[in-house]
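K.L.:
Next comes the structure file model_38.cif, holding mmCIF, C-alpha atoms and all ligand atoms.
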data_input
loop_
_atom_site.label_atom_id
_atom_site.label_comp_id
_atom_site.auth_asym_id
_atom_site.auth_seq_id
_atom_site.Cartn_x
_atom_site.Cartn_y
_atom_site.Cartn_z
CA MET A 30 0.00 0.00 0.00
CA GLY A 31 1.37 3.41 -1.01
CA GLY A 32 -0.33 5.88 1.37
CA THR A 33 0.08 9.63 1.46
CA ARG A 34 3.37 11.07 2.60
CA ILE A 35 2.91 13.21 5.67
CA PHE A 36 5.11 16.27 5.86
CA ARG A 37 6.41 17.03 9.35
CA PRO A 38 7.84 20.54 9.43
CA ASN A 39 11.08 20.87 11.32
CA PHE A 40 10.28 24.05 13.22
CA GLU A 41 10.90 22.89 16.78
CA LYS A 42 13.90 25.19 17.30
CA LEU A 43 11.57 28.14 17.07
CA GLU A 44 9.62 30.16 19.56
CA ARG A 45 6.15 30.64 18.14
CA GLY A 46 5.74 34.41 18.57
CA ALA A 47 2.39 36.16 18.90
CA THR A 48 2.42 37.45 15.34
CA THR A 49 4.13 34.48 13.71
CA LYS A 50 2.02 32.59 11.22
CA THR A 51 2.68 29.22 9.63
CA ILE A 52 2.24 29.76 5.92
CA VAL A 53 2.18 27.15 3.18
CA ILE A 54 3.31 28.39 -0.22
CA ALA A 55 2.56 25.92 -2.99
CA GLY A 56 4.89 26.74 -5.87
CA GLY A 57 7.19 28.42 -3.36
CA ALA A 58 10.31 27.89 -5.50
CA GLY A 59 8.89 29.58 -8.60
CA PHE A 60 9.31 33.23 -9.56
CA ILE A 61 6.47 34.78 -7.56
CA GLY A 62 6.34 32.02 -4.93
CA SER A 63 10.02 32.29 -4.01
CA ASN A 64 9.88 36.08 -3.75
CA LEU A 65 6.86 35.62 -1.48
CA SER A 66 8.76 33.00 0.57
CA HIS A 67 11.65 35.43 1.11
CA ARG A 68 9.28 38.29 2.02
CA LEU A 69 7.17 36.28 4.48
CA ILE A 70 10.26 34.82 6.19
CA ALA A 71 11.72 38.34 6.49
CA GLU A 72 8.48 39.40 8.17
CA GLY A 73 9.00 36.71 10.86
CA ASN A 74 6.66 33.97 9.64
CA ARG A 75 7.28 30.26 9.21
CA VAL A 76 7.06 29.13 5.61
CA ILE A 77 6.46 25.63 4.33
CA CYS A 78 7.35 25.62 0.66
CA ILE A 79 5.75 22.90 -1.46
CA ASP A 80 7.11 22.51 -4.98
CA ASN A 81 7.50 19.70 -7.51
CA MET A 82 10.37 21.67 -9.10
CA GLU A 83 8.76 21.42 -12.55
CA THR A 84 9.46 25.13 -13.09
CA GLY A 85 10.63 26.01 -9.58
CA ARG A 86 14.38 26.65 -9.28
CA ASN A 87 16.84 25.60 -6.60
CA GLU A 88 18.61 28.97 -6.93
CA ASN A 89 15.41 30.76 -5.89
CA ILE A 90 15.28 29.11 -2.47
CA ALA A 91 18.93 28.15 -1.90
CA GLY A 92 19.39 31.04 0.54
CA LEU A 93 16.38 29.90 2.60
CA LEU A 94 17.09 26.19 3.02
CA THR A 95 19.12 26.65 6.19
CA HIS A 96 16.78 29.26 7.66
CA PRO A 97 15.11 27.88 10.82
CA ASN A 98 11.71 29.29 9.79
CA PHE A 99 11.76 27.69 6.33
CA ASP A 100 10.97 24.15 5.36
CA PHE A 101 10.85 22.56 1.93
CA PHE A 102 8.51 19.77 0.85
CA LEU A 103 9.25 18.24 -2.57
CA HIS A 104 5.74 17.31 -3.61
CA ASP A 105 3.32 17.57 -6.52
CA ILE A 106 0.04 19.12 -5.36
CA LEU A 107 -1.81 16.65 -7.61
CA GLU A 108 -1.15 14.17 -4.80
CA PRO A 109 -3.09 14.67 -1.53
CA ILE A 110 -1.29 16.97 0.89
CA GLN A 111 -0.88 16.09 4.55
CA ILE A 112 1.01 18.35 6.90
CA ASP A 113 1.57 17.84 10.60
CA GLY A 114 0.65 20.71 12.91
CA PRO A 115 -1.12 24.02 12.45
CA VAL A 116 -1.32 26.01 9.23
CA ASP A 117 -2.67 29.58 9.23
CA ARG A 118 -2.37 30.63 5.59
CA ILE A 119 -2.00 28.92 2.21
CA TYR A 120 -0.87 30.68 -0.95
CA ASN A 121 -1.44 28.66 -4.12
CA MET A 122 1.24 29.88 -6.53
CA ALA A 123 1.73 26.44 -8.09
CA CYS A 124 1.34 26.37 -11.86
CA PRO A 125 3.78 27.15 -14.68
CA GLY A 126 2.91 30.65 -15.91
CA SER A 127 4.89 31.01 -19.11
CA PRO A 128 3.13 29.86 -22.32
CA PRO A 129 6.01 27.63 -23.58
CA LYS A 130 6.29 26.05 -20.12
CA TYR A 131 2.59 25.48 -19.44
CA GLN A 132 2.11 24.14 -22.98
CA ARG A 133 4.80 21.45 -22.52
CA ASP A 134 2.40 19.18 -20.63
CA PRO A 135 -1.04 20.79 -20.99
CA ILE A 136 -2.93 18.02 -19.22
CA HIS A 137 -0.68 18.30 -16.18
CA THR A 138 -1.07 22.10 -16.27
CA PHE A 139 -4.86 21.82 -16.27
CA LYS A 140 -4.85 19.23 -13.48
CA THR A 141 -2.43 21.33 -11.42
CA SER A 142 -4.90 24.21 -11.29
CA VAL A 143 -8.05 22.16 -10.75
CA LEU A 144 -7.06 18.99 -8.86
CA GLY A 145 -4.08 20.65 -7.16
CA GLY A 146 -6.32 23.57 -6.21
CA MET A 147 -8.84 21.12 -4.72
CA ASN A 148 -6.16 19.36 -2.65
CA LEU A 149 -5.03 22.71 -1.24
CA LEU A 150 -8.63 23.75 -0.52
CA GLU A 151 -9.12 20.51 1.41
CA LEU A 152 -5.94 21.22 3.37
CA ALA A 153 -7.30 24.71 4.14
CA GLU A 154 -10.61 23.23 5.28
CA GLU A 155 -8.90 20.65 7.52
CA LYS A 156 -6.59 23.25 9.11
CA GLY A 157 -9.08 26.15 9.27
CA ALA A 158 -6.53 28.13 7.23
CA ARG A 159 -7.21 31.06 4.92
CA ILE A 160 -6.25 30.29 1.31
CA LEU A 161 -5.36 32.56 -1.59
CA GLN A 162 -5.53 31.44 -5.21
CA SER A 163 -3.16 33.00 -7.71
CA SER A 164 -5.51 33.44 -10.62
CA THR A 165 -4.60 35.38 -13.71
CA SER A 166 -5.49 38.02 -16.26
CA GLU A 167 -5.69 35.04 -18.65
CA VAL A 168 -9.21 34.38 -17.33
CA TYR A 169 -10.13 37.34 -19.59
CA GLY A 170 -8.62 35.55 -22.64
CA ASP A 171 -8.21 37.85 -25.63
CA PRO A 172 -10.37 40.65 -24.18
CA ASP A 173 -12.65 42.81 -26.26
CA VAL A 174 -12.87 45.50 -23.57
CA SER A 175 -10.03 47.45 -22.03
CA PRO A 176 -9.10 47.97 -19.27
CA GLN A 177 -10.46 44.72 -17.82
CA LYS A 178 -12.63 44.93 -14.72
CA GLU A 179 -13.33 41.91 -12.53
CA SER A 180 -16.94 41.92 -13.76
CA TYR A 181 -15.80 41.31 -17.38
CA ARG A 182 -16.43 37.65 -18.17
CA GLY A 183 -13.70 37.24 -20.72
CA SER A 184 -13.28 35.85 -24.19
CA VAL A 185 -11.48 32.53 -23.80
CA ASN A 186 -10.97 29.71 -26.26
CA THR A 187 -11.81 26.40 -24.57
CA VAL A 188 -9.86 24.40 -27.16
CA GLY A 189 -6.58 26.05 -28.06
CA PRO A 190 -2.95 26.07 -26.94
CA ARG A 191 -3.61 28.46 -24.05
CA SER A 192 -6.81 26.74 -22.86
CA CYS A 193 -5.06 24.37 -20.43
CA TYR A 194 -3.84 27.38 -18.46
CA ASP A 195 -6.77 29.76 -18.93
CA GLU A 196 -9.54 27.23 -18.36
CA GLY A 197 -7.62 25.54 -15.53
CA LYS A 198 -7.40 28.88 -13.75
CA ARG A 199 -11.06 29.62 -14.46
CA GLY A 200 -12.06 26.20 -13.11
CA ALA A 201 -9.96 26.85 -9.99
CA GLU A 202 -11.81 30.13 -9.41
CA THR A 203 -15.08 28.18 -9.53
CA LEU A 204 -13.76 25.67 -6.97
CA PHE A 205 -12.60 28.44 -4.65
CA TYR A 206 -15.97 30.14 -4.97
CA GLU A 207 -17.95 26.96 -4.22
CA MET A 208 -15.70 25.89 -1.34
CA HIS A 209 -16.27 29.33 0.17
CA GLU A 210 -20.03 29.35 -0.43
CA ARG A 211 -20.82 25.76 0.51
CA ARG A 212 -18.13 24.72 2.96
CA GLY A 213 -17.19 28.05 4.49
CA VAL A 214 -13.51 27.98 3.50
CA ASP A 215 -11.95 31.45 3.88
CA THR A 216 -10.79 32.13 0.30
CA ARG A 217 -9.15 34.95 -1.65
CA ILE A 218 -8.63 35.16 -5.42
CA ALA A 219 -5.97 37.42 -6.96
CA ARG A 220 -6.09 37.88 -10.73
CA ILE A 221 -2.43 38.56 -11.38
CA PHE A 222 -1.37 40.48 -14.49
CA ASN A 223 2.10 40.22 -16.11
CA THR A 224 4.73 40.46 -13.38
CA TYR A 225 8.52 40.76 -13.69
CA GLY A 226 11.60 41.13 -11.53
CA PRO A 227 14.47 39.23 -9.91
CA ARG A 228 14.17 35.42 -9.59
CA MET A 229 12.48 35.11 -13.00
CA ASP A 230 13.87 32.12 -14.84
CA PRO A 231 16.17 33.43 -17.62
CA GLU A 232 14.93 30.49 -19.73
CA ASP A 233 11.28 31.19 -18.93
CA GLY A 234 10.41 32.17 -22.49
CA ARG A 235 8.33 35.18 -21.45
CA VAL A 236 8.74 38.57 -22.97
CA VAL A 237 10.66 40.40 -20.22
CA SER A 238 13.15 37.58 -19.60
CA ASN A 239 13.58 36.95 -23.34
CA PHE A 240 14.16 40.62 -24.26
CA VAL A 241 16.55 41.38 -21.39
CA MET A 242 18.58 38.20 -21.90
CA GLN A 243 18.68 38.71 -25.68
CA ALA A 244 19.77 42.34 -25.25
CA LEU A 245 22.49 41.41 -22.75
CA MET A 246 23.81 38.62 -24.98
CA GLY A 247 23.74 40.80 -28.12
CA GLU A 248 21.17 38.53 -29.77
CA ASP A 249 18.19 39.69 -31.84
CA LEU A 250 15.09 40.58 -29.82
CA THR A 251 12.25 38.31 -30.99
CA ILE A 252 9.04 40.28 -31.59
CA TYR A 253 6.05 37.99 -32.03
CA GLY A 254 3.57 39.42 -34.56
CA ASP A 255 3.95 43.13 -35.32
CA GLY A 256 4.64 44.04 -31.67
CA ALA A 257 1.52 46.23 -31.44
CA GLN A 258 -0.09 43.94 -28.84
CA THR A 259 -0.03 45.39 -25.34
CA ARG A 260 0.78 44.15 -21.85
CA SER A 261 0.85 45.92 -18.47
CA PHE A 262 3.90 45.04 -16.39
CA CYS A 263 3.86 44.96 -12.59
CA TYR A 264 7.10 44.91 -10.60
CA ILE A 265 7.38 41.99 -8.17
CA SER A 266 7.59 44.10 -4.97
CA ASP A 267 4.28 45.79 -5.83
CA LEU A 268 2.63 42.46 -6.52
CA LEU A 269 3.87 40.96 -3.22
CA LYS A 270 2.39 43.86 -1.30
CA GLY A 271 -0.92 43.38 -3.12
CA LEU A 272 -0.99 39.63 -2.44
CA ILE A 273 -0.19 39.99 1.26
CA THR A 274 -2.68 42.83 1.70
CA LEU A 275 -5.38 40.76 0.01
CA MET A 276 -4.54 37.73 2.17
CA GLU A 277 -4.49 39.68 5.42
CA GLY A 278 -7.33 42.10 4.63
CA GLU A 279 -10.47 41.93 6.76
CA ASP A 280 -13.85 41.44 5.15
CA PRO A 281 -16.41 43.77 6.74
CA LEU A 282 -18.58 43.91 3.59
CA GLY A 283 -18.31 40.20 2.84
CA THR A 284 -16.92 40.77 -0.67
CA ILE A 285 -13.21 40.11 -0.25
CA SER A 286 -13.54 36.49 -1.44
CA SER A 287 -14.54 37.69 -4.91
CA PRO A 288 -11.68 38.06 -7.43
CA VAL A 289 -9.41 41.12 -7.27
CA ASN A 290 -7.20 42.33 -10.14
CA LEU A 291 -3.57 42.89 -9.13
CA GLY A 292 -1.47 44.53 -11.81
CA ASN A 293 0.09 47.77 -12.97
CA PRO A 294 -2.23 49.74 -15.28
CA GLY A 295 0.76 51.23 -17.16
CA GLU A 296 0.18 49.68 -20.61
CA PHE A 297 2.93 49.24 -23.25
CA THR A 298 3.13 47.73 -26.70
CA ILE A 299 5.65 44.91 -27.03
CA LEU A 300 7.63 47.15 -29.41
CA GLU A 301 7.77 49.87 -26.73
CA LEU A 302 9.06 47.31 -24.26
CA ALA A 303 11.75 46.16 -26.73
CA GLU A 304 12.91 49.75 -27.30
CA THR A 305 12.98 50.46 -23.55
CA VAL A 306 15.08 47.33 -22.92
CA LEU A 307 17.50 48.26 -25.73
CA ASN A 308 17.90 51.80 -24.33
CA MET A 309 18.36 50.68 -20.75
CA THR A 310 20.88 47.95 -21.53
CA GLY A 311 22.73 50.03 -24.17
CA SER A 312 22.49 46.96 -26.40
CA LYS A 313 23.06 47.06 -30.16
CA SER A 314 20.76 44.08 -30.70
CA LYS A 315 18.33 44.23 -33.63
CA LEU A 316 14.62 43.39 -33.69
CA VAL A 317 13.44 40.32 -35.59
CA TYR A 318 9.83 39.44 -36.25
CA ARG A 319 8.35 36.00 -35.63
CA ASP A 320 4.80 34.60 -36.01
CA LEU A 321 2.29 35.66 -33.37
CA PRO A 322 1.38 32.58 -31.29
CA VAL A 323 -2.20 31.29 -31.66
CA ASP A 324 -4.71 33.05 -29.36
CA ASP A 325 -2.10 35.56 -28.14
CA PRO A 326 -4.16 38.34 -26.48
CA HIS A 327 -4.03 41.66 -28.36
CA GLN A 328 -4.35 43.84 -25.32
CA ARG A 329 -4.17 43.53 -21.59
CA CYS A 330 -4.59 46.22 -18.97
CA PRO A 331 -6.02 45.88 -15.47
CA ASP A 332 -8.73 48.08 -14.03
CA ILE A 333 -7.54 48.18 -10.40
CA SER A 334 -10.31 50.30 -8.88
CA ARG A 335 -11.49 47.33 -6.79
CA ALA A 336 -8.00 46.71 -5.33
CA LYS A 337 -7.70 50.43 -4.60
CA SER A 338 -11.01 50.63 -2.81
CA ILE A 339 -10.97 47.39 -0.79
CA LEU A 340 -7.22 47.08 -0.14
CA GLY A 341 -5.96 50.65 -0.51
CA TRP A 342 -3.38 49.11 -2.90
CA GLU A 343 -1.86 50.39 -6.09
CA PRO A 344 1.54 49.81 -7.68
CA GLN A 345 4.37 52.25 -6.92
CA VAL A 346 7.10 51.11 -9.33
CA PRO A 347 6.93 52.28 -12.95
CA LEU A 348 8.35 50.00 -15.67
CA LYS A 349 11.59 51.91 -16.18
CA GLU A 350 12.31 51.83 -12.44
CA GLY A 351 11.55 48.11 -12.04
CA LEU A 352 13.67 47.21 -15.04
CA ILE A 353 16.83 48.53 -13.30
CA PRO A 354 17.06 45.74 -10.66
CA THR A 355 15.63 43.27 -13.15
CA ILE A 356 18.39 43.94 -15.69
CA ALA A 357 20.99 43.80 -12.89
CA TYR A 358 19.59 40.42 -11.82
CA PHE A 359 19.75 38.97 -15.35
CA LYS A 360 23.33 40.29 -15.70
CA GLY A 361 24.19 38.36 -12.53
CA GLU A 362 22.52 35.22 -13.90
CA LEU A 363 24.49 35.57 -17.10
CA SER A 364 27.85 36.07 -15.39
CA GLY A 365 27.10 33.08 -13.12
CA ARG A 366 26.43 31.02 -16.21
CA GLN A 367 29.62 32.20 -17.90
CA THR A 368 31.61 31.33 -14.80
CA TYR A 369 29.97 27.92 -14.76
CA ALA A 370 30.56 27.40 -18.49
CA ALA A 371 34.20 28.46 -18.08
CA ARG A 372 34.59 26.10 -15.12
CA SER A 373 33.05 23.17 -16.90
CA VAL A 374 35.36 23.67 -19.85
CA ALA A 375 38.43 23.86 -17.61
N1 LIG A 401 6.45 38.01 -26.89
C1 LIG A 401 7.33 38.50 -27.85
N2 LIG A 401 8.59 38.00 -27.88
C2 LIG A 401 9.05 37.07 -27.00
C3 LIG A 401 8.17 36.59 -25.99
C4 LIG A 401 6.87 37.07 -25.97
O1 LIG A 401 6.96 39.35 -28.67
O2 LIG A 401 10.23 36.69 -27.09
C5 LIG A 401 5.08 38.55 -26.84
C6 LIG A 401 3.97 37.50 -26.75
O3 LIG A 401 3.58 37.09 -28.05
C7 LIG A 401 2.88 38.28 -26.03
C8 LIG A 401 3.65 39.22 -25.10
O4 LIG A 401 4.97 39.30 -25.63
O5 LIG A 401 2.15 39.07 -26.95
C9 LIG A 401 3.72 38.72 -23.67
O6 LIG A 401 4.14 37.38 -23.70
P1 LIG A 401 4.48 36.54 -22.40
O7 LIG A 401 4.82 35.16 -22.87
O8 LIG A 401 5.47 37.26 -21.58
O9 LIG A 401 3.16 36.49 -21.52
P2 LIG A 401 1.59 36.41 -21.82
O10 LIG A 401 1.09 37.72 -21.35
O11 LIG A 401 1.34 36.24 -23.29
O12 LIG A 401 1.14 35.23 -21.03
#
Could you take the file, read its structure, and then write that structure out as structure tokens?
P.N.:
Amino acid sequence: MGGTRIFRPNFEKLERGATTKTIVIAGGAGFIGSNLSHRLIAEGNRVICIDNMETGRNENIAGLLTHPNFDFFLHDILEPIQIDGPVDRIYNMACPGSPPKYQRDPIHTFKTSVLGGMNLLELAEEKGARILQSSTSEVYGDPDVSPQKESYRGSVNTVGPRSCYDEGKRGAETLFYEMHERRGVDTRIARIFNTYGPRMDPEDGRVVSNFVMQALMGEDLTIYGDGAQTRSFCYISDLLKGLITLMEGEDPLGTISSPVNLGNPGEFTILELAETVLNMTGSKSKLVYRDLPVDDPHQRCPDISRAKSILGWEPQVPLKEGLIPTIAYFKGELSGRQTYAARSVA
């Protein structure tokens, strides 16, 4: 008989302070999840990071592994999750977010959002923990209104290359809603728009990591389509603040469980982003044009009036400011790689 593995956090060295929470972060080694792990540890919490390391990276959590408040559980959330001891909060950040990554195994991607989401909801129910779902602007598909408000129902293809991600995230929202309505689980849903910053995977295949890495390596910047499509880019520190405020916010009006857009309303064409990256890196790279992927949304811009009114949150970091540490981070990744390459040759 197989049986479910029970994770027993190794926190006994710690005093459990009055404000300390035990927080599970599923996908805690990914880009957003690992930044959240670092932030919540720095704020004095205990973090249990669950990751199957499909797109999570060792480098993202290496500095935390010896921290007494941090524990790592190598586990796929598709399998039932059993954890010993109390859990106060659960952040579900577990799903590949980059189109080339989530399209590699679309069935697993879909199951991760829906079945993985259900396993985490059941953990939340068992522990009496509050749980936040990282949903996405992709629930709006290729929108025919802009900016997108939470009340917009979206324009999503159920059978295309992006459907496994978009429909998985939509299905997860439904599960969170029903588990709140019917079983009283304390749920939050953040619809996260394009986010960038340190700890992104240089090989992620998304536009910011591609353009910055290409510019730094002197390679052509790959523009998909004519580059007139838009995205709105939120710097990671702004997003973390939004996520934590949504998780910790009180709910006097009983509406906080409904989805909340978190993103930066500053909207740019992909060509504008390419030019900004070239200017800021001083790169002489050229632009090359490639086919626009199927179902690639033409525009994306969050309406954040709900986040402003219920959370008092709005982003502080404009694109050109957030790109400075992001470019510095990718430079560091590149020089680490060169050192490694040089070492392996030697
Ligand atoms: N894109 C691009 N070149 C690249 C990577 C992406 O022009 O090297 C475009 C992509 O077609 C999309 C936008 O940039 O229109 C954002 O893509 P990304 O994969 O970052 O995220 P998405 O918002 O599409 O999930």
K.L.:
Name the residues in contact with Gly183 in chain A at a cut-off of 10 Å, using only C-alpha atoms, excluding same-chain residues fewer than 3 positions from it; report them as a list in words.
P.N.:
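What passes the distance filter is Ser166, Glu167, Val168, Tyr169, Gly170, Asp171, Pro172, Asp173, Val174, Gln177, Lys178, Glu179, Ser180 and Asn186 of chain A.
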K.L.:
Between A:Ile136, A:Lys156, A:Phe101, A:Ser287, which is the closest to Glu207 in chain A once you count all atoms listed in the file?
P.N.:
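Checking each candidate against Glu207 in chain A, we get A:Ser287 as the closest.
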K.L.:
Extract, using all atoms listed in the file, all DNA, RNA and protein residues at most 8 Å from Leu348 in chain A, discarding same-chain residues fewer than 4 positions from it, and format them as a ChimeraX atom specification.
P.N.:
/A:262-264,295,352
K.L.:
Find, counting only C-alpha atoms, the residue in A:Leu291, A:Ala91, A:Leu250, A:Ile110 that gets nearest to Asn148 in chain A.
P.N.:
A:Ile110
K.L.:
Of the candidates A:Pro38, A:Pro125, A:Gly200, A:Gly57, which one gets nearest to ligand LIG 401 (chain A) if we count only C-alpha atoms and all ligand atoms?
P.N.:
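So, comparing all the options, the nearest one is A:Pro125.
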K.L.:
With ligand LIG 401 (chain A) as the partner and 9 Å as the cut-off, tabulate the residues of chain A that qualify, each row holding the nearest pair of atoms and their distance in Å to one decimal, using only C-alpha atoms and all ligand atoms, sorted by chain and rising number, as CSV.
P.N.:
residue,atom,partner,partner_atom,distance
A:Gly126,CA,A:LIG401,O12,7.1
A:Ser127,CA,A:LIG401,O7,5.6
A:Pro128,CA,A:LIG401,O7,5.6
A:Pro129,CA,A:LIG401,O7,7.7
A:Ser166,CA,A:LIG401,O10,8.3
A:Glu167,CA,A:LIG401,O12,7.2
A:Arg191,CA,A:LIG401,O12,8.8
A:Phe222,CA,A:LIG401,O10,7.8
A:Asn223,CA,A:LIG401,O10,5.9
A:Thr224,CA,A:LIG401,O8,8.8
A:Asp233,CA,A:LIG401,O7,8.5
A:Gly234,CA,A:LIG401,C3,6.1
A:Arg235,CA,A:LIG401,O8,3.5
A:Val236,CA,A:LIG401,C3,3.7
A:Val237,CA,A:LIG401,O8,6.2
A:Ser238,CA,A:LIG401,O8,7.9
A:Asn239,CA,A:LIG401,O2,5.0
A:Phe240,CA,A:LIG401,O2,6.2
A:Gln243,CA,A:LIG401,O2,8.8
A:Leu250,CA,A:LIG401,O2,6.8
A:Thr251,CA,A:LIG401,O2,4.7
A:Ile252,CA,A:LIG401,O1,3.7
A:Tyr253,CA,A:LIG401,O1,3.7
A:Gly254,CA,A:LIG401,O1,6.8
A:Asp255,CA,A:LIG401,O1,8.2
A:Gly256,CA,A:LIG401,O1,6.0
A:Ala257,CA,A:LIG401,O5,8.5
A:Gln258,CA,A:LIG401,O5,5.7
A:Thr259,CA,A:LIG401,O5,6.9
A:Arg260,CA,A:LIG401,C9,6.4
A:Ser261,CA,A:LIG401,O10,8.7
A:Thr298,CA,A:LIG401,C8,8.7
A:Ile299,CA,A:LIG401,O4,5.8
A:Leu300,CA,A:LIG401,O1,7.9
A:Ala303,CA,A:LIG401,O1,8.5
A:Tyr318,CA,A:LIG401,O1,8.1
A:Arg319,CA,A:LIG401,O1,7.8
A:Asp320,CA,A:LIG401,O3,8.4
A:Leu321,CA,A:LIG401,O3,5.7
A:Pro322,CA,A:LIG401,O3,6.0
A:Val323,CA,A:LIG401,O3,8.9
A:Asp325,CA,A:LIG401,O5,5.6
A:Pro326,CA,A:LIG401,O5,6.4
A:His327,CA,A:LIG401,O5,6.8
A:Gln328,CA,A:LIG401,O5,8.2
A:Arg329,CA,A:LIG401,O10,7.8
K.L.:
What's the 10 Å shell around range 67-75 of chain A, counting all atoms listed in the file, without same-chain residues fewer than 2 positions away, as a PyMOL selection string?
P.N.:
chain A and resi 38+40+43+45-46+48-54+57+62-65+77-78+89-90+92-93+96-100+116-117+266+269-270+273
K.L.:
Could you give me, as a PyMOL selection string, the residues within 10 Å of Thr203 in chain A, counting all atoms listed in the file and dropping anything in the same chain fewer than 6 positions from it?
P.N.:
chain A and resi 143+197+209
K.L.:
Which distance in Å separates CA of Ile265 in chain A and CA of Phe359 in chain A, to one decimal?
P.N.:
14.6 Å
K.L.:
Just give me the gap between CA of Ser142 in chain A and CA of Cys330 in chain A in Å, one decimal is fine.
P.N.:
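CA of Cys330 in chain A lies 23.3 Å from CA of Ser142 in chain A.
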K.L.:
From the list A:Met309, A:Leu302, A:Leu161, A:Leu103, which residue is nearest Asn87 in chain A when using all atoms listed in the file?
P.N.:
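Once distances to Asn87 in chain A are computed over all atoms listed in the file, the minimum belongs to A:Leu103.
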K.L.:
For the atom pair CA of Val289 in chain A and CA of Thr274 in chain A, what is the interatomic distance in Å to one decimal place?
P.N.:
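CA of Val289 in chain A sits 11.3 Å away from CA of Thr274 in chain A.
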K.L.:
Nearest to Ile79 in chain A among A:Gly247, A:Pro347, A:Gly145, A:Gly213, with distances taken over only C-alpha atoms: which residue is it?
P.N.:
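Between A:Gly247, A:Pro347, A:Gly145, A:Gly213, the residue approaching Ile79 in chain A most closely is A:Gly145.
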K.L.:
Considering only C-alpha atoms, state which residue in the set A:Ile119, A:Met246, A:Met229, A:Val214 is at the smallest distance from Lys315 in chain A.
P.N.:
A:Met246
K.L.:
Show me, as a ChimeraX atom specification, the residues that have an atom within 10 Å of Thr33 in chain A when counting all atoms listed in the file, minus same-chain residues fewer than 5 positions from it.
P.N.:
/A:108-111
